[in-house]
Structures are given as structure tokens and as C-alpha cells.
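File shown: model_1.csv. Contents: CSV, C-alpha atoms.
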```csv
chain,number,residue,atom,x,y,z
A,1,GLY,CA,17.3,27.4,-12.7
A,2,GLY,CA,19.7,27.2,-15.7
A,3,ASN,CA,18.6,30.5,-17.2
A,4,PRO,CA,21.2,33.2,-16.4
A,5,ILE,CA,18.4,35.8,-16.0
A,6,ARG,CA,15.7,34.7,-13.7
A,7,LEU,CA,12.9,36.0,-11.4
A,8,ILE,CA,13.0,35.1,-7.7
A,9,PHE,CA,9.8,35.4,-5.6
A,10,ASN,CA,10.2,36.8,-2.0
A,11,ARG,CA,7.6,35.0,0.1
A,12,GLN,CA,8.0,37.3,3.0
A,13,ASP,CA,6.6,40.4,1.2
A,14,TRP,CA,5.5,39.1,-2.2
A,15,THR,CA,7.9,41.2,-4.1
A,16,LEU,CA,10.3,40.0,-6.8
A,17,ASN,CA,14.1,40.1,-7.5
A,18,VAL,CA,15.7,39.8,-10.9
A,19,VAL,CA,19.0,37.9,-10.8
A,20,ASN,CA,21.5,38.5,-13.6
A,21,THR,CA,24.4,36.0,-13.4
A,22,LEU,CA,26.1,37.2,-16.6
A,23,PRO,CA,28.8,39.9,-16.6
A,24,LYS,CA,27.0,42.0,-19.2
A,25,ALA,CA,24.1,44.3,-18.6
A,26,PHE,CA,20.6,43.9,-20.0
A,27,LEU,CA,17.6,46.2,-20.3
A,28,GLY,CA,14.4,45.2,-18.7
A,29,THR,CA,11.2,45.6,-20.7
A,30,THR,CA,8.2,44.0,-18.9
A,31,MET,CA,7.2,41.6,-16.2
A,32,ARG,CA,4.0,39.6,-16.7
A,33,TRP,CA,2.3,37.4,-14.2
A,34,THR,CA,-0.9,35.3,-14.3
A,35,ALA,CA,-2.6,33.4,-11.5
A,36,HIS,CA,-4.4,30.1,-12.2
A,37,SER,CA,-6.5,27.7,-10.1
A,38,LEU,CA,-5.4,24.1,-10.2
A,39,ASN,CA,-8.1,23.3,-12.8
A,40,GLY,CA,-6.2,25.7,-15.1
A,41,THR,CA,-8.6,28.6,-14.9
A,42,ARG,CA,-7.0,32.0,-15.1
A,43,VAL,CA,-8.1,34.1,-12.1
A,44,GLY,CA,-5.9,37.2,-12.4
A,45,GLY,CA,-2.8,38.8,-13.9
A,46,ASP,CA,-1.0,42.0,-14.8
A,47,THR,CA,1.8,43.4,-17.0
A,48,VAL,CA,4.4,45.7,-15.4
A,49,SER,CA,6.9,47.9,-17.3
A,50,ILE,CA,10.5,47.5,-16.2
A,51,PRO,CA,12.6,50.3,-17.6
A,52,ASP,CA,15.7,50.0,-15.5
A,53,GLN,CA,19.0,48.5,-16.7
A,54,LEU,CA,20.0,45.1,-15.2
A,55,ASN,CA,23.7,45.4,-14.4
A,56,GLY,CA,25.9,42.4,-14.8
A,57,ASN,CA,26.4,40.0,-11.9
A,58,HIS,CA,23.7,41.8,-10.0
A,59,VAL,CA,20.4,41.3,-8.2
A,60,ALA,CA,17.8,44.0,-8.8
A,61,HIS,CA,14.7,44.4,-6.5
A,62,LEU,CA,11.5,45.2,-8.3
A,63,GLU,CA,9.3,47.8,-6.6
A,64,TYR,CA,6.2,45.8,-7.3
A,65,LYS,CA,4.2,43.6,-4.9
A,66,LEU,CA,2.2,40.7,-6.2
A,67,PRO,CA,-1.4,40.6,-5.0
A,68,TRP,CA,-3.2,37.4,-3.7
A,69,ILE,CA,-6.2,36.6,-5.9
A,70,GLN,CA,-9.2,35.3,-4.0
A,71,SER,CA,-10.6,32.4,-6.1
A,72,GLU,CA,-13.6,30.2,-5.8
A,73,GLN,CA,-12.0,27.5,-8.0
A,74,ALA,CA,-10.6,25.2,-5.3
A,75,PHE,CA,-11.4,21.5,-5.7
A,76,MET,CA,-11.5,21.0,-2.0
A,77,PRO,CA,-13.1,24.1,-0.3
A,78,GLU,CA,-12.3,22.7,3.2
A,79,LEU,CA,-8.6,23.1,2.5
A,80,GLN,CA,-6.7,26.4,2.0
A,81,ASN,CA,-6.7,27.3,-1.7
A,82,ILE,CA,-3.6,27.0,-3.8
A,83,LEU,CA,-3.0,29.0,-6.9
A,84,LEU,CA,-0.3,28.7,-9.6
A,85,TYR,CA,1.4,32.0,-10.2
A,86,ARG,CA,3.3,32.0,-13.5
A,87,MET,CA,5.8,34.9,-13.8
A,88,GLU,CA,7.5,35.9,-17.0
A,89,PHE,CA,10.3,38.5,-17.4
A,90,PHE,CA,11.2,40.0,-20.8
A,91,TYR,CA,14.5,41.7,-21.4
A,92,ARG,CA,16.9,42.6,-24.2
A,93,ASN,CA,20.6,43.1,-24.8
A,94,GLU,CA,21.6,46.8,-24.4
A,95,TYR,CA,23.1,46.6,-28.0
A,96,ASP,CA,20.3,45.1,-30.0
A,97,SER,CA,16.5,44.8,-30.0
A,98,THR,CA,16.1,41.0,-29.6
A,99,ILE,CA,13.7,40.2,-26.8
A,100,HIS,CA,14.5,37.3,-24.5
A,101,ASN,CA,12.3,35.9,-21.7
A,102,THR,CA,12.5,33.8,-18.6
A,103,ARG,CA,9.7,32.1,-16.7
A,104,ASN,CA,9.2,30.8,-13.2
A,105,ASP,CA,6.1,29.0,-11.7
A,106,TYR,CA,5.2,29.1,-8.0
A,107,TYR,CA,2.4,27.4,-6.1
A,108,LEU,CA,1.2,29.9,-3.5
A,109,THR,CA,-1.3,30.1,-0.7
A,110,ASP,CA,-3.1,33.1,0.9
A,111,PRO,CA,-0.3,35.1,2.7
A,112,SER,CA,-2.8,36.7,5.2
A,113,VAL,CA,-3.2,33.3,6.9
A,114,GLY,CA,0.4,33.7,8.0
A,115,SER,CA,2.3,31.1,10.1
A,116,GLU,CA,-0.9,29.1,10.6
A,117,SER,CA,-1.0,28.2,6.9
A,118,GLN,CA,-0.7,24.6,5.9
A,119,SER,CA,2.3,23.5,3.9
A,120,ARG,CA,1.8,24.2,0.3
A,121,TYR,CA,3.3,20.8,-0.6
A,122,ALA,CA,1.1,19.0,1.9
A,123,LEU,CA,-1.9,20.7,0.4
A,124,LEU,CA,-0.8,19.6,-3.1
A,125,GLY,CA,-0.6,16.1,-1.7
A,126,ALA,CA,-4.2,16.4,-0.5
A,127,TYR,CA,-5.3,17.8,-3.8
A,128,ARG,CA,-3.6,15.0,-5.7
A,129,LYS,CA,-6.1,12.6,-4.2
A,130,VAL,CA,-8.9,14.3,-6.1
A,131,LEU,CA,-7.2,15.7,-9.1
A,132,PRO,CA,-7.6,13.6,-12.3
A,133,ARG,CA,-4.4,12.2,-13.7
A,134,VAL,CA,-3.2,14.2,-16.7
A,135,ARG,CA,-2.4,12.3,-19.9
A,136,LEU,CA,0.1,14.2,-22.0
A,137,GLN,CA,0.8,13.9,-25.6
A,138,VAL,CA,4.6,13.4,-26.1
A,139,SER,CA,6.7,12.7,-29.2
A,140,CYS,CA,10.5,12.4,-29.2
A,141,ALA,CA,13.1,12.1,-32.0
A,142,ALA,CA,16.9,11.9,-32.1
A,143,ASP,CA,19.0,14.1,-34.4
A,144,ASP,CA,20.7,12.0,-37.2
A,145,VAL,CA,24.1,13.6,-36.6
A,146,SER,CA,24.4,14.7,-32.9
A,147,MET,CA,21.9,12.1,-31.6
A,148,ASP,CA,20.6,14.8,-29.3
A,149,ILE,CA,16.9,14.0,-28.4
A,150,MET,CA,14.2,16.6,-28.8
A,151,CYS,CA,10.8,15.9,-27.1
A,152,LYS,CA,7.6,17.9,-27.7
A,153,VAL,CA,4.9,17.7,-25.0
A,154,ASP,CA,1.4,18.9,-25.4
A,155,HIS,CA,-1.2,19.2,-22.7
A,156,LEU,CA,-4.5,18.8,-24.6
A,157,GLN,CA,-6.8,18.0,-21.6
A,158,LYS,CA,-9.0,20.6,-20.0
A,159,GLU,CA,-9.5,21.5,-16.4
A,160,THR,CA,-6.3,20.2,-14.8
A,161,ILE,CA,-2.7,21.5,-14.6
A,162,GLY,CA,0.1,19.1,-15.3
A,163,ILE,CA,2.2,19.5,-12.1
A,164,MET,CA,6.0,18.9,-12.1
A,165,THR,CA,6.1,16.9,-15.3
A,166,ARG,CA,9.4,14.9,-15.3
A,167,PHE,CA,11.3,13.4,-18.2
A,168,THR,CA,13.8,10.5,-17.8
A,169,LEU,CA,15.9,8.8,-20.5
A,170,VAL,CA,15.6,5.0,-20.1
A,171,LEU,CA,16.2,1.7,-21.7
A,172,ASP,CA,13.0,-0.3,-22.5
A,173,PRO,CA,11.4,-0.7,-19.0
A,174,SER,CA,10.2,-4.2,-20.0
A,175,MET,CA,13.7,-5.6,-19.5
A,176,PRO,CA,13.7,-9.0,-17.8
A,177,ASP,CA,15.9,-8.1,-14.9
A,178,GLU,CA,15.3,-5.5,-12.2
A,179,SER,CA,18.4,-3.4,-12.7
A,180,ASP,CA,18.3,0.4,-13.0
A,181,ASN,CA,17.2,1.2,-16.6
A,182,ARG,CA,18.1,4.9,-16.6
A,183,ILE,CA,20.6,6.3,-19.0
A,184,LEU,CA,23.2,8.1,-16.8
A,185,PRO,CA,24.4,10.8,-17.0
A,186,SER,CA,21.6,12.5,-18.9
A,187,PHE,CA,21.1,16.3,-19.3
A,188,TYR,CA,17.8,18.0,-19.8
A,189,SER,CA,17.2,21.6,-21.1
A,190,GLN,CA,14.4,21.8,-18.6
A,191,ASN,CA,12.6,19.3,-16.3
A,192,CYS,CA,9.9,19.0,-13.7
A,193,ILE,CA,7.8,21.5,-15.6
A,194,THR,CA,4.3,22.8,-15.1
A,195,LEU,CA,1.8,22.6,-18.0
A,196,LEU,CA,-1.4,24.5,-18.2
A,197,PRO,CA,-4.3,23.2,-20.3
A,198,GLY,CA,-3.3,24.0,-23.9
A,199,ASP,CA,0.4,24.4,-23.2
A,200,SER,CA,3.1,23.0,-25.4
A,201,SER,CA,6.8,22.8,-24.5
A,202,TYR,CA,10.1,21.3,-25.7
A,203,VAL,CA,12.7,19.3,-23.7
A,204,LYS,CA,16.1,18.6,-25.2
A,205,ILE,CA,17.9,15.5,-23.8
A,206,ASN,CA,21.6,14.9,-24.2
A,207,THR,CA,24.1,12.4,-22.8
A,208,THR,CA,27.7,11.4,-23.3
A,209,ASN,CA,29.2,10.4,-26.7
A,210,GLU,CA,30.2,7.1,-25.1
A,211,GLN,CA,26.5,6.3,-24.5
A,212,LYS,CA,25.5,7.5,-28.0
A,213,GLN,CA,27.9,5.2,-29.7
A,214,THR,CA,25.7,2.3,-28.6
A,215,TRP,CA,22.6,3.8,-30.3
A,216,THR,CA,21.4,2.9,-33.8
A,217,CYS,CA,18.4,3.6,-36.0
A,218,LEU,CA,16.4,0.3,-36.3
A,219,PRO,CA,14.5,-0.7,-39.4
A,220,ASP,CA,11.2,0.1,-37.8
A,221,GLY,CA,12.3,3.8,-37.4
A,222,TYR,CA,13.1,3.9,-33.7
A,223,ILE,CA,16.4,4.3,-31.8
A,224,GLY,CA,17.7,1.1,-30.3
A,225,VAL,CA,20.6,0.4,-27.9
A,226,TRP,CA,23.0,-2.5,-27.8
A,227,THR,CA,24.4,-3.5,-24.4
A,228,HIS,CA,27.0,-6.3,-24.0
A,229,LYS,CA,25.5,-7.6,-20.8
A,230,ARG,CA,21.8,-7.6,-21.8
A,231,GLY,CA,21.6,-7.4,-25.5
A,232,GLY,CA,19.5,-5.0,-27.5
A,233,PHE,CA,16.6,-2.7,-26.3
A,234,PHE,CA,14.6,0.3,-27.4
A,235,LEU,CA,15.8,3.7,-26.1
A,236,MET,CA,12.8,5.4,-24.5
A,237,VAL,CA,11.7,8.5,-22.6
A,238,SER,CA,9.7,8.0,-19.4
A,239,VAL,CA,7.2,10.8,-18.6
A,240,ASP,CA,5.5,11.1,-15.2
A,241,GLY,CA,4.8,13.8,-12.6
A,242,TRP,CA,3.0,14.9,-9.5
A,243,ASN,CA,-0.4,14.2,-11.1
A,244,VAL,CA,0.7,13.1,-14.5
A,245,ALA,CA,0.0,9.6,-15.7
A,246,GLN,CA,3.2,7.6,-16.3
A,247,SER,CA,4.0,6.7,-20.0
A,248,THR,CA,7.1,5.6,-22.0
A,249,ILE,CA,7.8,7.1,-25.4
A,250,LEU,CA,9.8,5.5,-28.2
A,251,ILE,CA,12.4,7.8,-29.8
A,252,GLY,CA,12.1,8.2,-33.5
A,253,CYS,CA,14.9,8.6,-36.1
A,254,THR,CA,14.6,12.2,-37.4
A,255,HIS,CA,15.4,11.4,-41.1
A,256,LEU,CA,12.6,8.7,-41.2
A,257,LEU,CA,10.1,11.0,-39.4
A,258,ALA,CA,10.8,13.7,-42.0
A,259,THR,CA,9.8,11.4,-44.9
A,260,THR,CA,6.6,10.1,-43.3
```
Show me the file's structure as C-alpha cells.
Amino acid sequence: GGNPIRLIFNRQDWTLNVVNTLPKAFLGTTMRWTAHSLNGTRVGGDTVSIPDQLNGNHVAHLEYKLPWIQSEQAFMPELQNILLYRMEFFYRNEYDSTIHNTRNDYYLTDPSVGSESQSRYALLGAYRKVLPRVRLQVSCAADDVSMDIMCKVDHLQKETIGIMTRFTLVLDPSMPDESDNRILPSFYSQNCITLLPGDSSYVKINTTNEQKQTWTCLPDGYIGVWTHKRGGFFLMVSVDGWNVAQSTILIGCTHLLATT
């Protein structure tokens, strides 16, 4: 939702709007969509040319209707099938040739079923009972100067989408008391993301300078935090999701990682 140019899906008629929240105009180039079953198999897709100019502070309606793709890839045939539709929009500034892109993911069901269709989120809950938990590979490091944290996440498993993967900046969750161990406020470049098998993505995490002043690079190469009330702890990133196995990741010191 933080991207100033974004695609909005219209569930009523399966068309798309492009929202430009900036005052300057952009030139559209292409819109690309792919449809995937919940096991990550691609079942359809298309690329559409978008030649029109996107005026500043404007919503443009695309004269293109997404099709529903009949798929036999459902884990539970007795339930209405759910597909992940991934939509990417590519555009450029009207004064240069640099191509930018924005992406949205939607979980959709067959529109022909109409008002009798089950809730997509209730269906996802039913699917979660049989979907295997996804174990992601995550590494995080803090910049030596700014102390901004960059995490890379890789989905190396096959046959399952990582749904709504969430990142949370925390103190070591093994703390002896039961107080809230989240670092607040924390700001994320993206969160609750969807990962197809083979996907990689980056999440940048930032917080206040006041919080960062309590951080230090420990001799073992990880970031630690000193608190007056509870002493010292590791700074960590907690990762979980709709069907993602929970894990906590130590945050490395960038200058030490670069020499190892």
C-alpha cells in the first residue's frame, strides 16, 4: 500500500484501476498478471500493453478484464478453489526511460459462483489445515552507520505458497518475563508478503534513533540491546505467517559479515 503507483482490483467486474497518488504524470508500459494454485503451480497469465499516460493525482480505469482460470490444482476438491493472482504494473517517468514497477497479490475464487461463494478467507483457513508449513530461509544484518536492518528472505521449498509472511522486530523472545518483546515503533518497507516457490525478497526495517542508541555490535558478530530494566539481550527478527513456520533470526553486524 505504500507505493505511490498501484493496481487496484475491482471484484465486481474483474477489471483493474491504476492509482497515481503523485502530482506528476507517468507513462504506462505493460501490465502483467499470473495465476497460481496454492501449491505454487502457474496455471495462467497474460501481458497487456498500457500506452496511455497516467495523470498526476488520478485514477485510471484499464479496459481489460481478468479471466478466471479453471484449475485442477486444489488441495481440497470438496471446497471452492482459490487461486493467487499476482499483478504487476510497469511504468516510466515521462522525461526518462527508467522502468519502475509495482505489484499486488490477490487470493480469488470463481466469480461465476456469485453471492453463494464461500468467504475466501474462510477457505484459506480450511486450506491451512492441510497445507504444509513453509520454512523460509531468512538472513538479517544492520548497517554499520544507520543501523537500518535489511533482511533477505528466500522461499526454497516446492509445492506451497508462503502466505502473508510477517516480519516483527523483537528482543530475544527467551526473556525471563512475559512482557511485550516487540521493538516499537518499527517501520517496514513491506510486510505480510506472499512468496511463491523460488521467490526471494527484501524487507528493510527501521525504528527511532532513540531505540538504535541502545544497540551495539557484540563480539560474536550479532546486534545486542541493553535495557536498564532487564539487562542485555539479542536483537532479533521474528518471522511467521498464515502458513509459515515461526522462526527468530539473529541480526548480524554488516562489517563483520563482509569479512567472513
Taken to one decimal, the atom CA of A:Thr47-atom CA of A:Asp154 distance is 25.9 Å
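Near A:Met87, within 6 Å and counting only C-alpha atoms, sit Arg32, Trp33, Arg103 and Asn104 of chain A; same-chain residues fewer than 6 positions away were not included.
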Point-to-point distance from atom CA of A:Pro67 to atom CA of A:Asn10, Å rounded to tenths:
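Those two atoms sit 12.6 Å apart.
Of the listed residues (A:Leu171, A:Leu54, A:Ile8, A:Ala35), A:Leu54 comes nearest to A:Asn20; the distances count only C-alpha atoms.
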Report task. Write out as a list in words each polymer residue whose atoms come within 10 Å of A:Thr21, counting only C-alpha atoms; drop sequence neighbours fewer than 2 positions from it. Result ->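 Contacts, with the query itself left out: Asn3, Pro4, Ile5, Arg6, Val18, Val19, Pro23, Lys24, Ala25, Asn55, Gly56, Asn57, His58 and Val59 of chain A.
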Same residues, C-alpha atoms, output as a short mmCIF file (atom, residue, chain, number, x, y, z; two decimals), keeping the file's coordinate frame:
```cif
data_model
loop_
_atom_site.label_atom_id
_atom_site.label_comp_id
_atom_site.auth_asym_id
_atom_site.auth_seq_id
_atom_site.Cartn_x
_atom_site.Cartn_y
_atom_site.Cartn_z
CA ASN A 3 18.60 30.50 -17.20
CA PRO A 4 21.20 33.20 -16.40
CA ILE A 5 18.40 35.80 -16.00
CA ARG A 6 15.70 34.70 -13.70
CA VAL A 18 15.70 39.80 -10.90
CA VAL A 19 19.00 37.90 -10.80
CA PRO A 23 28.80 39.90 -16.60
CA LYS A 24 27.00 42.00 -19.20
CA ALA A 25 24.10 44.30 -18.60
CA ASN A 55 23.70 45.40 -14.40
CA GLY A 56 25.90 42.40 -14.80
CA ASN A 57 26.40 40.00 -11.90
CA HIS A 58 23.70 41.80 -10.00
CA VAL A 59 20.40 41.30 -8.20
#
```
Worksheet item: Which of these residues is nearest to A:Gln213, using only C-alpha atoms: A:Ile69, A:Leu7, A:Val225, A:Ile149?
Response: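 Of the candidates, the smallest distance to A:Gln213 is held by A:Val225.
For the set A:Asn39, A:Asn93, A:Asn206, A:Asn81, the residue with the smallest atom-to-atom gap to A:Glu159 is A:Asn39, counting all atoms listed in the file.
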List as a compact mmCIF listing (two decimals) with C-alpha atoms, in the coordinates of the input the residues having at least one atom at most 12 Å from position (21.7, 12.1, -37.4) as given in the file, counting all atoms listed in the file.
```
# COMPACT_ATOMS: atom_id res chain seq x y z
CA ALA A 141 13.10 12.10 -32.00
CA ALA A 142 16.90 11.90 -32.10
CA ASP A 143 19.00 14.10 -34.40
CA ASP A 144 20.70 12.00 -37.20
CA VAL A 145 24.10 13.60 -36.60
CA SER A 146 24.40 14.70 -32.90
CA MET A 147 21.90 12.10 -31.60
CA ASP A 148 20.60 14.80 -29.30
CA ILE A 149 16.90 14.00 -28.40
CA LYS A 212 25.50 7.50 -28.00
CA TRP A 215 22.60 3.80 -30.30
CA THR A 216 21.40 2.90 -33.80
CA CYS A 217 18.40 3.60 -36.00
CA ILE A 223 16.40 4.30 -31.80
CA GLY A 252 12.10 8.20 -33.50
CA CYS A 253 14.90 8.60 -36.10
CA THR A 254 14.60 12.20 -37.40
CA HIS A 255 15.40 11.40 -41.10
CA LEU A 256 12.60 8.70 -41.20
CA LEU A 257 10.10 11.00 -39.40
CA ALA A 258 10.80 13.70 -42.00
```
Of A:Asn243, A:Ser71, A:Gln211, A:Ser37, the one nearest to A:Tyr107 when counting only C-alpha atoms is A:Ser37
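Residues with any atom within 8 Å of A:Ile163, counting all atoms listed in the file and excluding same-chain neighbours fewer than 2 positions away, are Ile161, Thr165, Cys192, Ile193, Thr194, Leu195, Gly241, Trp242, Asn243 and Val244 of chain A.
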Pairwise distance, atom CA of A:Cys151 with atom CA of A:Val203, equals 5.2 Å
Distance cut-off 9 Å, centre (0.2, 31.7, -0.2) in file coordinates, counting all atoms listed in the file: which residues qualify? Return them as a ChimeraX atom specification.
/A:11,68,80-83,107-114,117,120
Nearest candidate to A:Arg166 (options A:Asn209, A:Ser49, A:Thr15, A:Asn191; using all atoms listed in the file):
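Using all atoms listed in the file, A:Arg166 sits closest to A:Asn191.
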- Item | Nearby residues (all atoms listed in the file) at most 12 Å from A:Thr98, same-chain spacing under 3 positions excluded, as a list in words | Phe26, Leu27, Gly28, Thr29, Phe90, Tyr91, Arg92, Asn93, Glu94, Tyr95 and Asn101 of chain A
Shell of 9 Å around A:Leu250, only C-alpha atoms, local chain residues under 5 positions omitted, as a PDB file with C-alpha atoms, keeping the file's coordinate frame:
```
ATOM      1  CA  SER A 139       6.700  12.700 -29.200  1.00  0.00           C
ATOM      2  CA  CYS A 140      10.500  12.400 -29.200  1.00  0.00           C
ATOM      3  CA  ALA A 141      13.100  12.100 -32.000  1.00  0.00           C
ATOM      4  CA  ASP A 172      13.000  -0.300 -22.500  1.00  0.00           C
ATOM      5  CA  TYR A 222      13.100   3.900 -33.700  1.00  0.00           C
ATOM      6  CA  ILE A 223      16.400   4.300 -31.800  1.00  0.00           C
ATOM      7  CA  PHE A 234      14.600   0.300 -27.400  1.00  0.00           C
ATOM      8  CA  LEU A 235      15.800   3.700 -26.100  1.00  0.00           C
ATOM      9  CA  MET A 236      12.800   5.400 -24.500  1.00  0.00           C
ATOM     10  CA  VAL A 237      11.700   8.500 -22.600  1.00  0.00           C
TER      11      VAL A 237
END
```
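The residue that comes closest to A:Arg128, out of A:Gly162, A:Ser186, A:Thr168, A:Ile50 and on the basis of only C-alpha atoms, is A:Gly162.
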Return as JSON the box centre and box size in Å, one decimal, for an axis-aligned box around all listed atoms of stretch 223-241 of chain A padded by 5 Å per side.
```
{"center_x": 15.9, "center_y": 3.1, "center_z": -22.2, "size_x": 32.2, "size_y": 31.4, "size_z": 29.2}
```
Please, could N, CA, C and O atoms be added to stretch 89-113 of chain A and the result written as an mmCIF file, in the coordinates of the input?
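Contents of rebuild_6.cif, freshly written:
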```cif
data_model
loop_
_atom_site.group_PDB
_atom_site.id
_atom_site.type_symbol
_atom_site.label_atom_id
_atom_site.label_comp_id
_atom_site.auth_asym_id
_atom_site.auth_seq_id
_atom_site.Cartn_x
_atom_site.Cartn_y
_atom_site.Cartn_z
ATOM 1 N N PHE A 89 9.508 37.236 -17.328
ATOM 2 C CA PHE A 89 10.300 38.500 -17.400
ATOM 3 C C PHE A 89 10.878 38.585 -18.795
ATOM 4 O O PHE A 89 11.504 37.645 -19.297
ATOM 5 N N PHE A 90 10.670 39.746 -19.443
ATOM 6 C CA PHE A 90 11.200 40.000 -20.800
ATOM 7 C C PHE A 90 12.258 41.036 -20.753
ATOM 8 O O PHE A 90 12.105 42.081 -20.100
ATOM 9 N N TYR A 91 13.356 40.775 -21.438
ATOM 10 C CA TYR A 91 14.500 41.700 -21.400
ATOM 11 C C TYR A 91 15.243 41.632 -22.737
ATOM 12 O O TYR A 91 15.020 40.725 -23.556
ATOM 13 N N ARG A 92 16.135 42.592 -22.959
ATOM 14 C CA ARG A 92 16.900 42.600 -24.200
ATOM 15 C C ARG A 92 18.340 43.052 -23.925
ATOM 16 O O ARG A 92 18.623 43.737 -22.944
ATOM 17 N N ASN A 93 19.219 42.638 -24.815
ATOM 18 C CA ASN A 93 20.600 43.100 -24.800
ATOM 19 C C ASN A 93 20.651 44.587 -25.003
ATOM 20 O O ASN A 93 19.883 45.126 -25.799
ATOM 21 N N GLU A 94 21.535 45.300 -24.307
ATOM 22 C CA GLU A 94 21.600 46.800 -24.400
ATOM 23 C C GLU A 94 22.068 47.205 -25.817
ATOM 24 O O GLU A 94 21.969 48.384 -26.163
ATOM 25 N N TYR A 95 22.602 46.259 -26.647
ATOM 26 C CA TYR A 95 23.100 46.600 -28.000
ATOM 27 C C TYR A 95 22.258 46.215 -29.118
ATOM 28 O O TYR A 95 22.577 46.502 -30.263
ATOM 29 N N ASP A 96 21.175 45.492 -28.879
ATOM 30 C CA ASP A 96 20.300 45.100 -30.000
ATOM 31 C C ASP A 96 18.852 45.075 -29.448
ATOM 32 O O ASP A 96 18.587 45.326 -28.276
ATOM 33 N N SER A 97 17.916 44.764 -30.331
ATOM 34 C CA SER A 97 16.500 44.800 -30.000
ATOM 35 C C SER A 97 15.871 43.448 -29.769
ATOM 36 O O SER A 97 14.658 43.344 -29.607
ATOM 37 N N THR A 98 16.679 42.382 -29.766
ATOM 38 C CA THR A 98 16.100 41.000 -29.600
ATOM 39 C C THR A 98 15.575 40.868 -28.176
ATOM 40 O O THR A 98 16.257 41.143 -27.187
ATOM 41 N N ILE A 99 14.326 40.431 -28.089
ATOM 42 C CA ILE A 99 13.700 40.200 -26.800
ATOM 43 C C ILE A 99 13.853 38.794 -26.336
ATOM 44 O O ILE A 99 13.565 37.858 -27.068
ATOM 45 N N HIS A 100 14.369 38.630 -25.111
ATOM 46 C CA HIS A 100 14.500 37.300 -24.500
ATOM 47 C C HIS A 100 13.488 37.224 -23.333
ATOM 48 O O HIS A 100 12.980 38.247 -22.857
ATOM 49 N N ASN A 101 13.216 36.014 -22.887
ATOM 50 C CA ASN A 101 12.300 35.900 -21.700
ATOM 51 C C ASN A 101 12.712 34.728 -20.859
ATOM 52 O O ASN A 101 13.373 33.782 -21.298
ATOM 53 N N THR A 102 12.335 34.824 -19.609
ATOM 54 C CA THR A 102 12.500 33.800 -18.600
ATOM 55 C C THR A 102 11.265 33.604 -17.834
ATOM 56 O O THR A 102 10.504 34.564 -17.658
ATOM 57 N N ARG A 103 11.001 32.366 -17.359
ATOM 58 C CA ARG A 103 9.700 32.100 -16.700
ATOM 59 C C ARG A 103 9.946 31.284 -15.437
ATOM 60 O O ARG A 103 10.808 30.408 -15.391
ATOM 61 N N ASN A 104 9.173 31.596 -14.404
ATOM 62 C CA ASN A 104 9.200 30.800 -13.200
ATOM 63 C C ASN A 104 7.707 30.558 -12.771
ATOM 64 O O ASN A 104 6.842 31.418 -12.937
ATOM 65 N N ASP A 105 7.453 29.364 -12.233
ATOM 66 C CA ASP A 105 6.100 29.000 -11.700
ATOM 67 C C ASP A 105 6.208 28.763 -10.230
ATOM 68 O O ASP A 105 7.120 28.082 -9.756
ATOM 69 N N TYR A 106 5.234 29.302 -9.482
ATOM 70 C CA TYR A 106 5.200 29.100 -8.000
ATOM 71 C C TYR A 106 3.766 28.700 -7.640
ATOM 72 O O TYR A 106 2.773 29.238 -8.154
ATOM 73 N N TYR A 107 3.675 27.745 -6.701
ATOM 74 C CA TYR A 107 2.400 27.400 -6.100
ATOM 75 C C TYR A 107 2.279 28.088 -4.774
ATOM 76 O O TYR A 107 3.078 27.863 -3.861
ATOM 77 N N LEU A 108 1.279 28.967 -4.644
ATOM 78 C CA LEU A 108 1.200 29.900 -3.500
ATOM 79 C C LEU A 108 -0.148 29.766 -2.802
ATOM 80 O O LEU A 108 -1.155 29.392 -3.413
ATOM 81 N N THR A 109 -0.123 30.104 -1.520
ATOM 82 C CA THR A 109 -1.300 30.100 -0.700
ATOM 83 C C THR A 109 -1.525 31.541 -0.154
ATOM 84 O O THR A 109 -0.635 32.384 -0.229
ATOM 85 N N ASP A 110 -2.681 31.783 0.417
ATOM 86 C CA ASP A 110 -3.100 33.100 0.900
ATOM 87 C C ASP A 110 -2.057 33.575 1.981
ATOM 88 O O ASP A 110 -1.949 32.957 3.042
ATOM 89 N N PRO A 111 -1.318 34.674 1.735
ATOM 90 C CA PRO A 111 -0.300 35.100 2.700
ATOM 91 C C PRO A 111 -0.919 35.682 3.986
ATOM 92 O O PRO A 111 -0.234 35.759 5.010
ATOM 93 N N SER A 112 -2.197 36.071 3.963
ATOM 94 C CA SER A 112 -2.800 36.700 5.200
ATOM 95 C C SER A 112 -3.024 35.627 6.250
ATOM 96 O O SER A 112 -3.202 35.978 7.416
ATOM 97 N N VAL A 113 -2.994 34.332 5.891
ATOM 98 C CA VAL A 113 -3.200 33.300 6.900
ATOM 99 C C VAL A 113 -1.931 33.194 7.784
ATOM 100 O O VAL A 113 -1.998 32.766 8.924
#
```
